[in-house]
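Note: the block below is data-v1.cif and it holds mmCIF, N, CA and C atoms.
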data_upload
#
loop_
_atom_site.label_atom_id
_atom_site.label_comp_id
_atom_site.auth_asym_id
_atom_site.auth_seq_id
_atom_site.Cartn_x
_atom_site.Cartn_y
_atom_site.Cartn_z
N MET A 1 15.34 -18.82 -10.18
CA MET A 1 14.33 -18.83 -9.15
C MET A 1 13.74 -17.43 -9.04
N TYR A 2 12.45 -17.40 -8.82
CA TYR A 2 11.72 -16.14 -8.68
C TYR A 2 11.11 -16.06 -7.29
N LEU A 3 11.01 -14.84 -6.79
CA LEU A 3 10.26 -14.55 -5.58
C LEU A 3 9.04 -13.75 -6.02
N ILE A 4 7.86 -14.28 -5.73
CA ILE A 4 6.62 -13.59 -6.07
C ILE A 4 5.89 -13.30 -4.77
N HIS A 5 5.46 -12.07 -4.62
CA HIS A 5 4.67 -11.68 -3.46
C HIS A 5 3.20 -11.71 -3.82
N ALA A 6 2.42 -12.42 -3.02
CA ALA A 6 0.97 -12.50 -3.20
C ALA A 6 0.32 -11.82 -2.00
N ALA A 7 -0.37 -10.72 -2.24
CA ALA A 7 -1.03 -9.98 -1.17
C ALA A 7 -2.42 -10.56 -0.95
N LEU A 8 -2.78 -10.71 0.31
CA LEU A 8 -4.08 -11.26 0.67
C LEU A 8 -4.85 -10.25 1.51
N ARG A 9 -6.08 -9.99 1.13
CA ARG A 9 -6.91 -9.02 1.85
C ARG A 9 -7.87 -9.75 2.78
N ALA A 10 -7.92 -9.30 4.01
CA ALA A 10 -8.77 -9.90 5.04
C ALA A 10 -10.24 -9.63 4.74
N PRO A 11 -11.11 -10.55 5.16
CA PRO A 11 -12.55 -10.33 4.94
C PRO A 11 -13.08 -9.15 5.76
N SER A 12 -12.48 -8.86 6.91
CA SER A 12 -12.89 -7.70 7.70
C SER A 12 -11.70 -7.18 8.49
N ALA A 13 -11.77 -5.93 8.85
CA ALA A 13 -10.67 -5.29 9.59
C ALA A 13 -10.39 -6.08 10.87
N GLY A 14 -9.13 -6.24 11.15
CA GLY A 14 -8.74 -6.94 12.36
C GLY A 14 -8.50 -8.43 12.18
N ASP A 15 -8.95 -9.01 11.07
CA ASP A 15 -8.69 -10.43 10.82
C ASP A 15 -7.21 -10.62 10.54
N ARG A 16 -6.65 -11.68 11.06
CA ARG A 16 -5.22 -11.97 10.90
C ARG A 16 -5.04 -13.36 10.31
N LEU A 17 -3.96 -13.50 9.55
CA LEU A 17 -3.59 -14.82 9.05
C LEU A 17 -2.98 -15.61 10.21
N PRO A 18 -3.19 -16.93 10.22
CA PRO A 18 -2.54 -17.72 11.27
C PRO A 18 -1.03 -17.76 11.03
N PRO A 19 -0.24 -17.86 12.09
CA PRO A 19 1.21 -17.85 11.95
C PRO A 19 1.76 -18.97 11.08
N HIS A 20 1.06 -20.07 10.96
CA HIS A 20 1.54 -21.22 10.19
C HIS A 20 0.98 -21.25 8.76
N ILE A 21 0.47 -20.12 8.27
CA ILE A 21 -0.16 -20.09 6.94
C ILE A 21 0.83 -20.47 5.83
N ALA A 22 2.08 -20.09 5.96
CA ALA A 22 3.07 -20.41 4.92
C ALA A 22 3.20 -21.92 4.73
N GLU A 23 3.24 -22.65 5.84
CA GLU A 23 3.35 -24.10 5.76
C GLU A 23 2.10 -24.71 5.13
N LEU A 24 0.93 -24.17 5.47
CA LEU A 24 -0.32 -24.68 4.89
C LEU A 24 -0.36 -24.48 3.38
N VAL A 25 0.05 -23.29 2.94
CA VAL A 25 0.04 -22.99 1.51
C VAL A 25 1.09 -23.85 0.80
N ARG A 26 2.26 -23.97 1.37
CA ARG A 26 3.33 -24.78 0.76
C ARG A 26 2.88 -26.23 0.58
N ALA A 27 2.13 -26.74 1.54
CA ALA A 27 1.66 -28.13 1.47
C ALA A 27 0.68 -28.34 0.31
N LEU A 28 0.06 -27.27 -0.17
CA LEU A 28 -0.89 -27.38 -1.29
C LEU A 28 -0.20 -27.40 -2.65
N ALA A 29 1.07 -27.03 -2.69
CA ALA A 29 1.78 -26.97 -3.97
C ALA A 29 2.01 -28.38 -4.50
N HIS A 30 1.70 -28.58 -5.76
CA HIS A 30 1.95 -29.87 -6.41
C HIS A 30 3.45 -30.08 -6.55
N PRO A 31 3.92 -31.32 -6.46
CA PRO A 31 5.35 -31.58 -6.58
C PRO A 31 5.96 -31.05 -7.88
N ASP A 32 5.21 -31.03 -8.96
CA ASP A 32 5.74 -30.56 -10.24
C ASP A 32 5.61 -29.04 -10.42
N SER A 33 5.13 -28.33 -9.39
CA SER A 33 4.96 -26.88 -9.52
C SER A 33 6.25 -26.11 -9.28
N ALA A 34 7.28 -26.77 -8.80
CA ALA A 34 8.60 -26.17 -8.55
C ALA A 34 8.57 -25.06 -7.51
N VAL A 35 7.61 -25.13 -6.58
CA VAL A 35 7.60 -24.20 -5.45
C VAL A 35 8.65 -24.68 -4.46
N GLU A 36 9.62 -23.83 -4.19
CA GLU A 36 10.73 -24.18 -3.32
C GLU A 36 10.46 -23.82 -1.86
N HIS A 37 9.77 -22.70 -1.65
CA HIS A 37 9.58 -22.20 -0.29
C HIS A 37 8.45 -21.19 -0.29
N VAL A 38 7.74 -21.11 0.84
CA VAL A 38 6.72 -20.07 1.03
C VAL A 38 6.99 -19.43 2.38
N SER A 39 6.98 -18.11 2.40
CA SER A 39 7.13 -17.38 3.66
C SER A 39 5.93 -16.45 3.81
N ALA A 40 5.65 -16.05 5.03
CA ALA A 40 4.52 -15.16 5.28
C ALA A 40 5.00 -13.89 5.96
N HIS A 41 4.54 -12.77 5.44
CA HIS A 41 4.79 -11.46 6.04
C HIS A 41 3.45 -11.02 6.61
N LEU A 42 3.19 -11.45 7.84
CA LEU A 42 1.87 -11.30 8.44
C LEU A 42 1.50 -9.85 8.74
N ARG A 43 2.48 -8.99 8.93
CA ARG A 43 2.21 -7.60 9.30
C ARG A 43 2.48 -6.61 8.17
N ALA A 44 2.61 -7.12 6.95
CA ALA A 44 2.85 -6.23 5.81
C ALA A 44 1.66 -5.30 5.63
N GLU A 45 1.91 -4.12 5.15
CA GLU A 45 0.86 -3.12 4.92
C GLU A 45 0.74 -2.82 3.44
N PRO A 46 -0.40 -2.64 2.89
CA PRO A 46 -1.68 -2.59 3.58
C PRO A 46 -2.28 -3.97 3.83
N ASP A 47 -1.73 -5.03 3.23
CA ASP A 47 -2.25 -6.38 3.38
C ASP A 47 -1.12 -7.35 3.66
N PRO A 48 -1.40 -8.45 4.38
CA PRO A 48 -0.38 -9.49 4.57
C PRO A 48 0.06 -10.05 3.22
N VAL A 49 1.28 -10.57 3.19
CA VAL A 49 1.87 -11.03 1.93
C VAL A 49 2.45 -12.43 2.12
N LEU A 50 2.22 -13.28 1.12
CA LEU A 50 2.90 -14.56 1.04
C LEU A 50 4.04 -14.40 0.04
N GLY A 51 5.24 -14.79 0.43
CA GLY A 51 6.38 -14.79 -0.48
C GLY A 51 6.56 -16.20 -1.00
N VAL A 52 6.41 -16.38 -2.30
CA VAL A 52 6.50 -17.70 -2.90
C VAL A 52 7.77 -17.74 -3.76
N TYR A 53 8.68 -18.65 -3.40
CA TYR A 53 9.91 -18.85 -4.15
C TYR A 53 9.70 -20.06 -5.05
N LEU A 54 9.86 -19.86 -6.35
CA LEU A 54 9.64 -20.98 -7.27
C LEU A 54 10.53 -20.87 -8.50
N LEU A 55 10.74 -22.02 -9.10
CA LEU A 55 11.47 -22.09 -10.35
C LEU A 55 10.47 -21.96 -11.49
N ALA A 56 10.80 -21.14 -12.48
CA ALA A 56 9.91 -20.94 -13.62
C ALA A 56 10.73 -20.46 -14.80
N GLY A 57 10.16 -20.62 -15.99
CA GLY A 57 10.84 -20.21 -17.21
C GLY A 57 10.83 -18.71 -17.44
N SER A 58 9.90 -18.00 -16.79
CA SER A 58 9.80 -16.55 -16.97
C SER A 58 9.10 -15.95 -15.76
N LEU A 59 9.21 -14.65 -15.62
CA LEU A 59 8.54 -13.94 -14.55
C LEU A 59 7.03 -14.08 -14.66
N SER A 60 6.49 -13.94 -15.86
CA SER A 60 5.03 -14.04 -16.02
C SER A 60 4.54 -15.44 -15.66
N GLU A 61 5.31 -16.46 -15.99
CA GLU A 61 4.93 -17.83 -15.62
C GLU A 61 4.94 -17.98 -14.10
N ALA A 62 5.96 -17.44 -13.45
CA ALA A 62 6.05 -17.52 -11.99
C ALA A 62 4.87 -16.81 -11.34
N GLU A 63 4.50 -15.65 -11.88
CA GLU A 63 3.36 -14.92 -11.33
C GLU A 63 2.06 -15.69 -11.54
N ARG A 64 1.88 -16.28 -12.71
CA ARG A 64 0.66 -17.07 -12.98
C ARG A 64 0.56 -18.27 -12.05
N ARG A 65 1.67 -18.96 -11.86
CA ARG A 65 1.64 -20.15 -11.00
C ARG A 65 1.43 -19.78 -9.54
N THR A 66 1.98 -18.67 -9.10
CA THR A 66 1.76 -18.21 -7.74
C THR A 66 0.29 -17.83 -7.55
N GLU A 67 -0.26 -17.14 -8.53
CA GLU A 67 -1.68 -16.78 -8.46
C GLU A 67 -2.55 -18.04 -8.38
N ALA A 68 -2.22 -19.06 -9.16
CA ALA A 68 -2.99 -20.31 -9.14
C ALA A 68 -2.88 -20.99 -7.77
N LEU A 69 -1.68 -21.00 -7.19
CA LEU A 69 -1.50 -21.59 -5.87
C LEU A 69 -2.34 -20.84 -4.84
N CYS A 70 -2.34 -19.52 -4.92
CA CYS A 70 -3.12 -18.73 -3.97
C CYS A 70 -4.63 -18.96 -4.15
N ARG A 71 -5.08 -19.04 -5.39
CA ARG A 71 -6.51 -19.33 -5.64
C ARG A 71 -6.88 -20.67 -5.02
N ARG A 72 -6.02 -21.65 -5.19
CA ARG A 72 -6.27 -22.97 -4.61
C ARG A 72 -6.32 -22.88 -3.09
N ALA A 73 -5.37 -22.16 -2.49
CA ALA A 73 -5.35 -22.00 -1.04
C ALA A 73 -6.62 -21.31 -0.54
N LEU A 74 -7.05 -20.28 -1.26
CA LEU A 74 -8.27 -19.56 -0.87
C LEU A 74 -9.49 -20.46 -0.95
N ASP A 75 -9.50 -21.38 -1.91
CA ASP A 75 -10.63 -22.29 -2.08
C ASP A 75 -10.63 -23.43 -1.07
N VAL A 76 -9.44 -23.87 -0.64
CA VAL A 76 -9.32 -25.11 0.14
C VAL A 76 -9.11 -24.89 1.63
N LEU A 77 -8.35 -23.91 2.01
CA LEU A 77 -7.94 -23.76 3.40
C LEU A 77 -9.01 -23.02 4.23
N PRO A 78 -9.51 -23.65 5.28
CA PRO A 78 -10.48 -22.96 6.15
C PRO A 78 -9.91 -21.67 6.75
N ALA A 79 -8.61 -21.63 7.01
CA ALA A 79 -7.98 -20.43 7.59
C ALA A 79 -8.07 -19.23 6.66
N LEU A 80 -8.31 -19.48 5.36
CA LEU A 80 -8.39 -18.38 4.38
C LEU A 80 -9.82 -18.11 3.91
N ARG A 81 -10.79 -18.68 4.59
CA ARG A 81 -12.19 -18.47 4.20
C ARG A 81 -12.52 -16.97 4.26
N GLY A 82 -12.99 -16.44 3.15
CA GLY A 82 -13.36 -15.03 3.08
C GLY A 82 -12.23 -14.10 2.64
N TRP A 83 -11.00 -14.58 2.65
CA TRP A 83 -9.86 -13.76 2.21
C TRP A 83 -9.87 -13.68 0.68
N THR A 84 -9.25 -12.64 0.13
CA THR A 84 -9.11 -12.50 -1.32
C THR A 84 -7.66 -12.17 -1.66
N ALA A 85 -7.23 -12.60 -2.84
CA ALA A 85 -5.90 -12.26 -3.33
C ALA A 85 -6.02 -10.96 -4.12
N THR A 86 -5.16 -10.00 -3.82
CA THR A 86 -5.23 -8.71 -4.50
C THR A 86 -4.18 -8.57 -5.60
N ARG A 87 -3.06 -9.28 -5.46
CA ARG A 87 -2.03 -9.22 -6.50
C ARG A 87 -1.03 -10.33 -6.29
N ALA A 88 -0.34 -10.69 -7.35
CA ALA A 88 0.77 -11.65 -7.30
C ALA A 88 1.81 -11.15 -8.28
N CYS A 89 2.90 -10.59 -7.75
CA CYS A 89 3.92 -9.99 -8.62
C CYS A 89 5.27 -10.00 -7.92
N ALA A 90 6.30 -9.81 -8.71
CA ALA A 90 7.65 -9.72 -8.15
C ALA A 90 7.77 -8.44 -7.33
N PRO A 91 8.37 -8.54 -6.14
CA PRO A 91 8.50 -7.34 -5.31
C PRO A 91 9.59 -6.41 -5.84
N LEU A 92 9.41 -5.15 -5.57
CA LEU A 92 10.44 -4.16 -5.90
C LEU A 92 11.43 -4.17 -4.75
N VAL A 93 12.67 -4.52 -5.02
CA VAL A 93 13.65 -4.66 -3.95
C VAL A 93 14.56 -3.44 -3.81
N ALA A 94 14.47 -2.48 -4.68
CA ALA A 94 15.36 -1.31 -4.62
C ALA A 94 15.28 -0.59 -3.28
N PRO A 95 14.11 -0.35 -2.68
CA PRO A 95 14.09 0.35 -1.39
C PRO A 95 14.84 -0.42 -0.30
N TYR A 96 14.79 -1.73 -0.33
CA TYR A 96 15.51 -2.53 0.65
C TYR A 96 17.01 -2.28 0.54
N TYR A 97 17.54 -2.35 -0.67
CA TYR A 97 18.97 -2.16 -0.85
C TYR A 97 19.37 -0.72 -0.57
N GLU A 98 18.51 0.22 -0.87
CA GLU A 98 18.81 1.62 -0.56
C GLU A 98 18.94 1.79 0.95
N ARG A 99 18.06 1.18 1.72
CA ARG A 99 18.15 1.26 3.18
C ARG A 99 19.46 0.65 3.68
N LEU A 100 19.85 -0.49 3.10
CA LEU A 100 21.12 -1.10 3.50
C LEU A 100 22.30 -0.18 3.23
N LEU A 101 22.30 0.43 2.07
CA LEU A 101 23.41 1.31 1.71
C LEU A 101 23.47 2.55 2.58
N THR A 102 22.33 3.16 2.83
CA THR A 102 22.34 4.38 3.63
C THR A 102 22.68 4.08 5.08
N ALA A 103 22.23 2.94 5.60
CA ALA A 103 22.57 2.57 6.98
C ALA A 103 24.07 2.32 7.10
N ALA A 104 24.65 1.64 6.13
CA ALA A 104 26.08 1.33 6.17
C ALA A 104 26.94 2.58 5.99
N SER A 105 26.43 3.59 5.28
CA SER A 105 27.22 4.79 5.00
C SER A 105 27.12 5.82 6.11
N GLY A 106 26.21 5.60 7.06
CA GLY A 106 26.03 6.60 8.11
C GLY A 106 25.11 7.72 7.68
N LEU A 107 24.55 7.64 6.49
CA LEU A 107 23.66 8.69 5.99
C LEU A 107 22.19 8.28 6.13
N ASP A 108 21.91 7.38 7.05
CA ASP A 108 20.55 6.89 7.25
C ASP A 108 19.59 8.06 7.44
N GLY A 109 18.51 8.04 6.72
CA GLY A 109 17.52 9.10 6.81
C GLY A 109 17.84 10.32 5.96
N ARG A 110 18.88 10.28 5.15
CA ARG A 110 19.29 11.45 4.37
C ARG A 110 18.65 11.47 2.98
N ASN A 111 17.72 10.61 2.71
CA ASN A 111 17.09 10.58 1.40
C ASN A 111 15.94 11.59 1.34
N ARG A 112 16.28 12.83 1.63
CA ARG A 112 15.32 13.93 1.55
C ARG A 112 16.10 15.22 1.34
N PRO A 113 15.44 16.31 1.02
CA PRO A 113 16.15 17.56 0.73
C PRO A 113 17.06 17.99 1.88
N GLY A 114 18.14 18.62 1.51
CA GLY A 114 19.07 19.13 2.52
C GLY A 114 20.49 18.75 2.16
N PRO A 115 21.43 19.39 2.81
CA PRO A 115 22.84 19.11 2.51
C PRO A 115 23.26 17.74 3.04
N ILE A 116 24.12 17.12 2.31
CA ILE A 116 24.73 15.86 2.75
C ILE A 116 25.87 16.25 3.68
N PRO A 117 26.02 15.58 4.81
CA PRO A 117 27.08 15.98 5.75
C PRO A 117 28.45 16.13 5.11
N SER A 118 28.80 15.30 4.14
CA SER A 118 30.12 15.39 3.54
C SER A 118 30.26 16.62 2.63
N SER A 119 29.15 17.29 2.29
CA SER A 119 29.23 18.45 1.41
C SER A 119 29.86 19.65 2.10
N ARG A 120 30.05 19.59 3.41
CA ARG A 120 30.70 20.68 4.14
C ARG A 120 32.21 20.60 4.04
N MET A 121 32.71 19.51 3.53
CA MET A 121 34.17 19.37 3.39
C MET A 121 34.62 20.12 2.15
N PRO A 122 35.75 20.79 2.21
CA PRO A 122 36.23 21.54 1.05
C PRO A 122 36.59 20.60 -0.12
N PHE A 123 36.40 21.10 -1.30
CA PHE A 123 36.75 20.34 -2.48
C PHE A 123 38.26 20.31 -2.62
N SER A 124 38.80 19.13 -2.88
CA SER A 124 40.24 19.03 -3.09
C SER A 124 40.50 18.38 -4.44
N PRO A 125 40.98 19.16 -5.43
CA PRO A 125 41.27 18.58 -6.75
C PRO A 125 42.43 17.62 -6.68
N ARG A 126 42.44 16.68 -7.58
CA ARG A 126 43.53 15.69 -7.63
C ARG A 126 44.71 16.21 -8.34
#
Represent the structure contained in this file as structure tokens.
Amino acid sequence: MYLIHAALRAPSAGDRLPPHIAELVRALAHPDSAVEHVSAHLRAEPDPVLGVYLLAGSLSEAERRTEALCRRALDVLPALRGWTATRACAPLVAPYYERLLTAASGLDGRNRPGPIPSSRMPFSPR
């Protein structure tokens, strides 16, 4: 299963996607498209994002099918009139996991220059 993020650009500043956009887009997926779930990140920056979970033989196939679903949604759904798709690609998840690790370690916010708090402890050879 792949997660593909499709960014959508508003026709003008201040335009917002409706809260139920994920359900509308999911309803457009053909039964044989293997779309399992659609989620919406309405406040993503710089543009709102649809997260499309689907089964595919490869990442490029998943991206192509997500792009096709978004094109269809842009053509059919009145709620998306004037919106454009800017990209459809797999999200980079490394920053998410880095935040989880640093929060769990107590070093939250330490990903910048400066000493690590544990570096003040004396070295003890084994």
Write out as a ChimeraX atom specification the residues lying within 8 Å of His37 (chain A), counting all atoms listed in the file and excluding same-chain residues fewer than 5 positions away. /A:22,25-26,51-55
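Using all atoms listed in the file for every distance, the candidate list A:Ala34, A:Met1, A:Ala90, A:Ala40 yields A:Ala40 as the residue closest to Pro19 (chain A).
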For the file shown, report as a short mmCIF file (atom, residue, chain, number, x, y, z; two decimals) with N, CA and C atoms, keeping the file's coordinate frame the outcome of the PyMOL selection byres ((chain A and resi 66-83) around 7) at residue level.
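Contents of result_7.cif, freshly written:
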data_model
loop_
_atom_site.label_atom_id
_atom_site.label_comp_id
_atom_site.auth_asym_id
_atom_site.auth_seq_id
_atom_site.Cartn_x
_atom_site.Cartn_y
_atom_site.Cartn_z
N ILE A 4 7.86 -14.28 -5.73
CA ILE A 4 6.62 -13.59 -6.07
C ILE A 4 5.89 -13.30 -4.77
N ALA A 6 2.42 -12.42 -3.02
CA ALA A 6 0.97 -12.50 -3.20
C ALA A 6 0.32 -11.82 -2.00
N LEU A 8 -2.78 -10.71 0.31
CA LEU A 8 -4.08 -11.26 0.67
C LEU A 8 -4.85 -10.25 1.51
N ARG A 9 -6.08 -9.99 1.13
CA ARG A 9 -6.91 -9.02 1.85
C ARG A 9 -7.87 -9.75 2.78
N ALA A 10 -7.92 -9.30 4.01
CA ALA A 10 -8.77 -9.90 5.04
C ALA A 10 -10.24 -9.63 4.74
N PRO A 11 -11.11 -10.55 5.16
CA PRO A 11 -12.55 -10.33 4.94
C PRO A 11 -13.08 -9.15 5.76
N SER A 12 -12.48 -8.86 6.91
CA SER A 12 -12.89 -7.70 7.70
C SER A 12 -11.70 -7.18 8.49
N LEU A 17 -3.96 -13.50 9.55
CA LEU A 17 -3.59 -14.82 9.05
C LEU A 17 -2.98 -15.61 10.21
N PRO A 18 -3.19 -16.93 10.22
CA PRO A 18 -2.54 -17.72 11.27
C PRO A 18 -1.03 -17.76 11.03
N VAL A 25 0.05 -23.29 2.94
CA VAL A 25 0.04 -22.99 1.51
C VAL A 25 1.09 -23.85 0.80
N LEU A 28 0.06 -27.27 -0.17
CA LEU A 28 -0.89 -27.38 -1.29
C LEU A 28 -0.20 -27.40 -2.65
N ALA A 29 1.07 -27.03 -2.69
CA ALA A 29 1.78 -26.97 -3.97
C ALA A 29 2.01 -28.38 -4.50
N VAL A 52 6.41 -16.38 -2.30
CA VAL A 52 6.50 -17.70 -2.90
C VAL A 52 7.77 -17.74 -3.76
N GLU A 61 5.31 -16.46 -15.99
CA GLU A 61 4.93 -17.83 -15.62
C GLU A 61 4.94 -17.98 -14.10
N ALA A 62 5.96 -17.44 -13.45
CA ALA A 62 6.05 -17.52 -11.99
C ALA A 62 4.87 -16.81 -11.34
N GLU A 63 4.50 -15.65 -11.88
CA GLU A 63 3.36 -14.92 -11.33
C GLU A 63 2.06 -15.69 -11.54
N ARG A 64 1.88 -16.28 -12.71
CA ARG A 64 0.66 -17.07 -12.98
C ARG A 64 0.56 -18.27 -12.05
N ARG A 65 1.67 -18.96 -11.86
CA ARG A 65 1.64 -20.15 -11.00
C ARG A 65 1.43 -19.78 -9.54
N THR A 84 -9.25 -12.64 0.13
CA THR A 84 -9.11 -12.50 -1.32
C THR A 84 -7.66 -12.17 -1.66
N ALA A 85 -7.23 -12.60 -2.84
CA ALA A 85 -5.90 -12.26 -3.33
C ALA A 85 -6.02 -10.96 -4.12
N ARG A 87 -3.06 -9.28 -5.46
CA ARG A 87 -2.03 -9.22 -6.50
C ARG A 87 -1.03 -10.33 -6.29
N ALA A 88 -0.34 -10.69 -7.35
CA ALA A 88 0.77 -11.65 -7.30
C ALA A 88 1.81 -11.15 -8.28
#
Quick one: pull the distance between atom C of Gly57 (chain A) and atom C of Val38 (chain A), Å, one decimal.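 Taking atom C of Gly57 (chain A) and atom C of Val38 (chain A), their separation equals 20.2 Å.
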CA of Ser33 (chain A) to atom N of Leu50 (chain A), distance in Å rounded to a single decimal: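 These two atoms are separated by 17.5 Å.
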Adding 5 Å on each side of the box along x, y and z that holds all listed atoms of region 74-89 of chain A, could you give its centre and edge lengths in Å to one decimal, as lines of an AutoDock Vina configuration file?
center_x = -4.0
center_y = -16.8
center_z = -0.5
size_x = 28.6
size_y = 26.5
size_z = 26.2
To test your reading of the structure, identify every residue in region 17-80 of chain A that backbone DSSP assigns to strand (DSSP E), and report it as a PyMOL selection string. chain A and resi 35-41+49-54
Provide the atom C of His5 (chain A) to atom N of Val49 (chain A) distance in Å, to one decimal place.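 Going from atom C of His5 (chain A) over to atom N of Val49 (chain A) covers 7.4 Å.
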Compare A:Leu92, A:Ile21, A:Ala7, A:Leu59 by their minimum atom-to-atom distance to Pro46 (chain A), counting only C-alpha atoms, and give me the closest one.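 The closest residue to Pro46 (chain A) is A:Ala7.
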With distances taken over all atoms listed in the file, which of A:Glu23, A:Pro91, A:Leu100, A:Ser60 is nearest to Ser39 (chain A)?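 Closest candidate: A:Glu23.
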Where in region 29-71 of chain A does DSSP assign helix (DSSP H, G or I), given as a PyMOL selection string? chain A and resi 31-33+59-71
Can you write out the residues you just picked, keeping N, CA and C atoms, as a compact mmCIF listing (two decimals), in the coordinates of the input?
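Printed below is again.txt as written:
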# COMPACT_ATOMS: atom_id res chain seq x y z
N PRO A 31 3.92 -31.32 -6.46
CA PRO A 31 5.35 -31.58 -6.58
C PRO A 31 5.96 -31.05 -7.88
N ASP A 32 5.21 -31.03 -8.96
CA ASP A 32 5.74 -30.56 -10.24
C ASP A 32 5.61 -29.04 -10.42
N SER A 33 5.13 -28.33 -9.39
CA SER A 33 4.96 -26.88 -9.52
C SER A 33 6.25 -26.11 -9.28
N LEU A 59 9.21 -14.65 -15.62
CA LEU A 59 8.54 -13.94 -14.55
C LEU A 59 7.03 -14.08 -14.66
N SER A 60 6.49 -13.94 -15.86
CA SER A 60 5.03 -14.04 -16.02
C SER A 60 4.54 -15.44 -15.66
N GLU A 61 5.31 -16.46 -15.99
CA GLU A 61 4.93 -17.83 -15.62
C GLU A 61 4.94 -17.98 -14.10
N ALA A 62 5.96 -17.44 -13.45
CA ALA A 62 6.05 -17.52 -11.99
C ALA A 62 4.87 -16.81 -11.34
N GLU A 63 4.50 -15.65 -11.88
CA GLU A 63 3.36 -14.92 -11.33
C GLU A 63 2.06 -15.69 -11.54
N ARG A 64 1.88 -16.28 -12.71
CA ARG A 64 0.66 -17.07 -12.98
C ARG A 64 0.56 -18.27 -12.05
N ARG A 65 1.67 -18.96 -11.86
CA ARG A 65 1.64 -20.15 -11.00
C ARG A 65 1.43 -19.78 -9.54
N THR A 66 1.98 -18.67 -9.10
CA THR A 66 1.76 -18.21 -7.74
C THR A 66 0.29 -17.83 -7.55
N GLU A 67 -0.26 -17.14 -8.53
CA GLU A 67 -1.68 -16.78 -8.46
C GLU A 67 -2.55 -18.04 -8.38
N ALA A 68 -2.22 -19.06 -9.16
CA ALA A 68 -2.99 -20.31 -9.14
C ALA A 68 -2.88 -20.99 -7.77
N LEU A 69 -1.68 -21.00 -7.19
CA LEU A 69 -1.50 -21.59 -5.87
C LEU A 69 -2.34 -20.84 -4.84
N CYS A 70 -2.34 -19.52 -4.92
CA CYS A 70 -3.12 -18.73 -3.97
C CYS A 70 -4.63 -18.96 -4.15
N ARG A 71 -5.08 -19.04 -5.39
CA ARG A 71 -6.51 -19.33 -5.64
C ARG A 71 -6.88 -20.67 -5.02
Taking the partial coordinates given, rebuild region 53-57 of chain A to contain all heavy atoms; return it as a PDB file, in the coordinates of the input.
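Output (result-v8.pdb):
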ATOM      1  N   TYR A  53       8.680 -18.650  -3.400  1.00  0.00           N
ATOM      2  CA  TYR A  53       9.910 -18.850  -4.150  1.00  0.00           C
ATOM      3  C   TYR A  53       9.700 -20.060  -5.050  1.00  0.00           C
ATOM      4  O   TYR A  53       9.383 -21.140  -4.552  1.00  0.00           O
ATOM      5  CB  TYR A  53      11.080 -19.128  -3.203  1.00  0.00           C
ATOM      6  CG  TYR A  53      11.451 -17.969  -2.313  1.00  0.00           C
ATOM      7  CD1 TYR A  53      10.756 -17.728  -1.133  1.00  0.00           C
ATOM      8  CD2 TYR A  53      12.504 -17.137  -2.650  1.00  0.00           C
ATOM      9  CE1 TYR A  53      11.104 -16.673  -0.307  1.00  0.00           C
ATOM     10  CE2 TYR A  53      12.861 -16.080  -1.828  1.00  0.00           C
ATOM     11  CZ  TYR A  53      12.155 -15.851  -0.663  1.00  0.00           C
ATOM     12  OH  TYR A  53      12.506 -14.808   0.147  1.00  0.00           O
ATOM     13  N   LEU A  54       9.860 -19.860  -6.350  1.00  0.00           N
ATOM     14  CA  LEU A  54       9.640 -20.980  -7.270  1.00  0.00           C
ATOM     15  C   LEU A  54      10.530 -20.870  -8.500  1.00  0.00           C
ATOM     16  O   LEU A  54      10.991 -19.787  -8.847  1.00  0.00           O
ATOM     17  CB  LEU A  54       8.176 -21.066  -7.673  1.00  0.00           C
ATOM     18  CG  LEU A  54       7.595 -19.979  -8.566  1.00  0.00           C
ATOM     19  CD1 LEU A  54       6.350 -20.512  -9.238  1.00  0.00           C
ATOM     20  CD2 LEU A  54       7.230 -18.745  -7.761  1.00  0.00           C
ATOM     21  N   LEU A  55      10.740 -22.020  -9.100  1.00  0.00           N
ATOM     22  CA  LEU A  55      11.470 -22.090 -10.350  1.00  0.00           C
ATOM     23  C   LEU A  55      10.470 -21.960 -11.490  1.00  0.00           C
ATOM     24  O   LEU A  55       9.407 -22.589 -11.459  1.00  0.00           O
ATOM     25  CB  LEU A  55      12.220 -23.419 -10.462  1.00  0.00           C
ATOM     26  CG  LEU A  55      13.238 -23.688  -9.364  1.00  0.00           C
ATOM     27  CD1 LEU A  55      13.772 -25.115  -9.475  1.00  0.00           C
ATOM     28  CD2 LEU A  55      14.370 -22.690  -9.422  1.00  0.00           C
ATOM     29  N   ALA A  56      10.800 -21.140 -12.480  1.00  0.00           N
ATOM     30  CA  ALA A  56       9.910 -20.940 -13.620  1.00  0.00           C
ATOM     31  C   ALA A  56      10.730 -20.460 -14.800  1.00  0.00           C
ATOM     32  O   ALA A  56      11.829 -19.928 -14.635  1.00  0.00           O
ATOM     33  CB  ALA A  56       8.815 -19.920 -13.282  1.00  0.00           C
ATOM     34  N   GLY A  57      10.160 -20.620 -15.990  1.00  0.00           N
ATOM     35  CA  GLY A  57      10.840 -20.210 -17.210  1.00  0.00           C
ATOM     36  C   GLY A  57      10.830 -18.710 -17.440  1.00  0.00           C
ATOM     37  O   GLY A  57      11.654 -18.182 -18.188  1.00  0.00           O
TER      38      GLY A  57
END
